[in-house]
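Data block below; observations after.
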Amino acid sequence: MTMKKPFIRTFLTLSTFFLLFNFTAKAGNGITLYTPYTKIAVPPGESIDYTIDVINSGNQLKNIDILLSGIPEEWNYTLKSGGYSINRIAVLPDEKKTLSLTINVPLNVDKGKYKVKIIGRNYDVLPIEIEVSEQGTFKTEFTSDQINMEGHSESNFNFTTKLKNHTGEKQVYALLANTSWVECNI
């Protein structure tokens with residue numbers, strides 16, 4: 001029975017060593033992907049701009065393939081660094097490079113939470129969550145801050161309106177002005 005104790009102790013020590021070594025080796029190999037905005041809520045039709053730091057805390061140059069996973073097919077995105085669209089970046093030891101990720105949420109989208117992963121292949125995974133705050137629609141809004149104006153018959157009126165296209169496509173609109181005369185006897 002006393003012979004089993006040293007064997008078990010040695011086995012546990014070696015197992016712990018290999019587990020720690022394996023975890024450290026797979027925990028990024030010195031590469032960290034970072035953004036402060038890991039959960040954002042937006043309405044449909046918004047574009048989200050992320051700044052992502054790729055940090056190399058190791059002692060060797062690293063070439064990192066950058067991938068996005070979990071992004072819905074209807075959505076589009078661009079990943080840039082230095083003004084160029086990229087999918088791989090090299091980072092020197094003890095330095096960081098900055099990536100710009102723009103995700104365009106379409107107008108016709110379901111309300112809910114969308115989980116996206118920014119992956120530094122073989123190095124690190126940065127999970128982000130995009131919450132679409134309302135159900136997407138295809139609609140148009142026509143609004144004005146001043147909808148009722150009064151004055152003499154010779155008065156000129158100036159006002160501003162907004163026409164907002166919430167559809168997924170370009171639209172053509174025709175506008176018509178209609179004036180009405182109402183006479184009141186008091």
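Letters for chains follow the order of the structure tokens (A, B, ...), residue numbers begin at 1 for each chain, and ligand numbers begin at 1 in the order shown.
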
Problem set entry | Spatial neighbours of Ile66 (chain A), max dist 8 Å, only C-alpha atoms, sep filter under 3 positions, as a ChimeraX atom specification | /A:87-89,118-121

Now that the selection is made, can you save its residues with N, CA and C atoms as an mmCIF file, in the first residue's frame?
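Printed below is part-v4.cif as written:
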data_model
loop_
_atom_site.group_PDB
_atom_site.id
_atom_site.type_symbol
_atom_site.label_atom_id
_atom_site.label_comp_id
_atom_site.auth_asym_id
_atom_site.auth_seq_id
_atom_site.Cartn_x
_atom_site.Cartn_y
_atom_site.Cartn_z
ATOM 1 N N ASN A 87 -7.171 39.605 -43.670
ATOM 2 C CA ASN A 87 -7.603 38.394 -42.982
ATOM 3 C C ASN A 87 -6.431 37.728 -42.258
ATOM 4 N N ARG A 88 -5.275 38.368 -42.302
ATOM 5 C CA ARG A 88 -4.101 37.916 -41.549
ATOM 6 C C ARG A 88 -3.279 39.142 -41.174
ATOM 7 N N ILE A 89 -2.707 39.092 -39.954
ATOM 8 C CA ILE A 89 -1.884 40.219 -39.498
ATOM 9 C C ILE A 89 -0.660 39.674 -38.762
ATOM 10 N N ILE A 118 -14.713 36.592 -32.814
ATOM 11 C CA ILE A 118 -13.569 37.052 -33.586
ATOM 12 C C ILE A 118 -12.435 36.093 -33.210
ATOM 13 N N ILE A 119 -11.944 35.397 -34.194
ATOM 14 C CA ILE A 119 -11.010 34.299 -33.929
ATOM 15 C C ILE A 119 -9.633 34.633 -34.491
ATOM 16 N N GLY A 120 -8.635 34.563 -33.634
ATOM 17 C CA GLY A 120 -7.239 34.581 -34.060
ATOM 18 C C GLY A 120 -6.827 33.120 -34.160
ATOM 19 N N ARG A 121 -6.916 32.540 -35.357
ATOM 20 C CA ARG A 121 -6.749 31.089 -35.526
ATOM 21 C C ARG A 121 -5.503 30.590 -34.827
#

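The protein and nucleic acid residues lying at most 9 Å from Lys117 (chain A) are Leu67, Leu68, Ser69, Gly70, Ile71, Lys115, Ile119, Val125, Leu126, Pro127, Ile128 and Glu129 of chain A, with only C-alpha atoms considered and sequence neighbours fewer than 2 positions away removed.
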
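Minimum atom-to-atom distance to Glu74 (chain A), evaluated using only C-alpha atoms, belongs to A:Ile103 out of A:Ala41, A:Ile103, A:Ile48, A:Ile31.
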
With a cut-off of 12 Å, could you pull out the residues of region 32-127 of chain A touching region 139-163 of chain A and give me the nearest pair of atoms for each, distance in Å to one decimal, using only C-alpha atoms, ordered by chain and ascending number, as CSV?
residue,atom,partner,partner_atom,distance
A:Pro44,CA,A:Lys139,CA,11.8
A:Gly45,CA,A:Lys139,CA,11.9
A:Leu107,CA,A:Lys139,CA,9.5
A:Asn108,CA,A:Lys139,CA,10.0

Could the residues in this selection be written to a file with N, CA and C atoms, as a short mmCIF file (atom, residue, chain, number, x, y, z; two decimals), in the first residue's frame?
data_model
loop_
_atom_site.label_atom_id
_atom_site.label_comp_id
_atom_site.auth_asym_id
_atom_site.auth_seq_id
_atom_site.Cartn_x
_atom_site.Cartn_y
_atom_site.Cartn_z
N PRO A 44 -32.18 47.92 -35.75
CA PRO A 44 -31.90 47.44 -37.11
C PRO A 44 -31.40 48.58 -38.00
N GLY A 45 -30.53 48.25 -38.94
CA GLY A 45 -30.01 49.23 -39.88
C GLY A 45 -28.77 49.96 -39.42
N LEU A 107 -31.70 46.04 -42.10
CA LEU A 107 -32.97 46.58 -41.63
C LEU A 107 -33.98 45.48 -41.35
N ASN A 108 -33.99 44.47 -42.18
CA ASN A 108 -34.94 43.38 -42.01
C ASN A 108 -34.28 42.29 -41.19
#

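Shortest separation to Leu79 (chain A) among A:Leu61, A:Val105, A:Leu175, A:Ile52 occurs at residue A:Ile52, atoms counted being only C-alpha atoms.
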
For this session: Check region 18-113 of chain A with DSSP on the backbone and list each residue it calls alpha helix (DSSP H), as a list in words.
Result: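 Listing alpha helix (DSSP H) positions across region 18-113 of chain A yields Phe18, Leu19, Leu20, Phe21, Asn22, Phe23, Thr24, Ala25 and Lys26 of chain A.
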
Restricted to N, CA and C atoms, what would the selected residues look like written as a compact mmCIF listing (two decimals), in the first residue's frame?
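To be explicit, this is the file written out as part.txt:
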# COMPACT_ATOMS: atom_id res chain seq x y z
N PHE A 18 1.39 18.63 -16.88
CA PHE A 18 0.99 18.57 -18.29
C PHE A 18 -0.28 19.37 -18.54
N LEU A 19 -1.21 19.32 -17.60
CA LEU A 19 -2.44 20.12 -17.76
C LEU A 19 -2.12 21.61 -17.77
N LEU A 20 -1.29 22.05 -16.85
CA LEU A 20 -0.93 23.47 -16.82
C LEU A 20 -0.15 23.87 -18.06
N PHE A 21 0.79 23.02 -18.48
CA PHE A 21 1.56 23.33 -19.67
C PHE A 21 0.66 23.40 -20.90
N ASN A 22 -0.23 22.43 -21.03
CA ASN A 22 -1.15 22.41 -22.17
C ASN A 22 -2.07 23.62 -22.15
N PHE A 23 -2.61 23.96 -20.99
CA PHE A 23 -3.51 25.11 -20.89
C PHE A 23 -2.77 26.40 -21.25
N THR A 24 -1.57 26.57 -20.75
CA THR A 24 -0.80 27.77 -21.05
C THR A 24 -0.46 27.84 -22.54
N ALA A 25 -0.10 26.72 -23.11
CA ALA A 25 0.27 26.71 -24.52
C ALA A 25 -0.93 27.01 -25.41
N LYS A 26 -2.12 26.55 -25.02
CA LYS A 26 -3.30 26.76 -25.85
C LYS A 26 -4.05 28.03 -25.49

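From CA of Pro93 (chain A) back to CA of Tyr37 (chain A), the distance works out to 25.1 Å.
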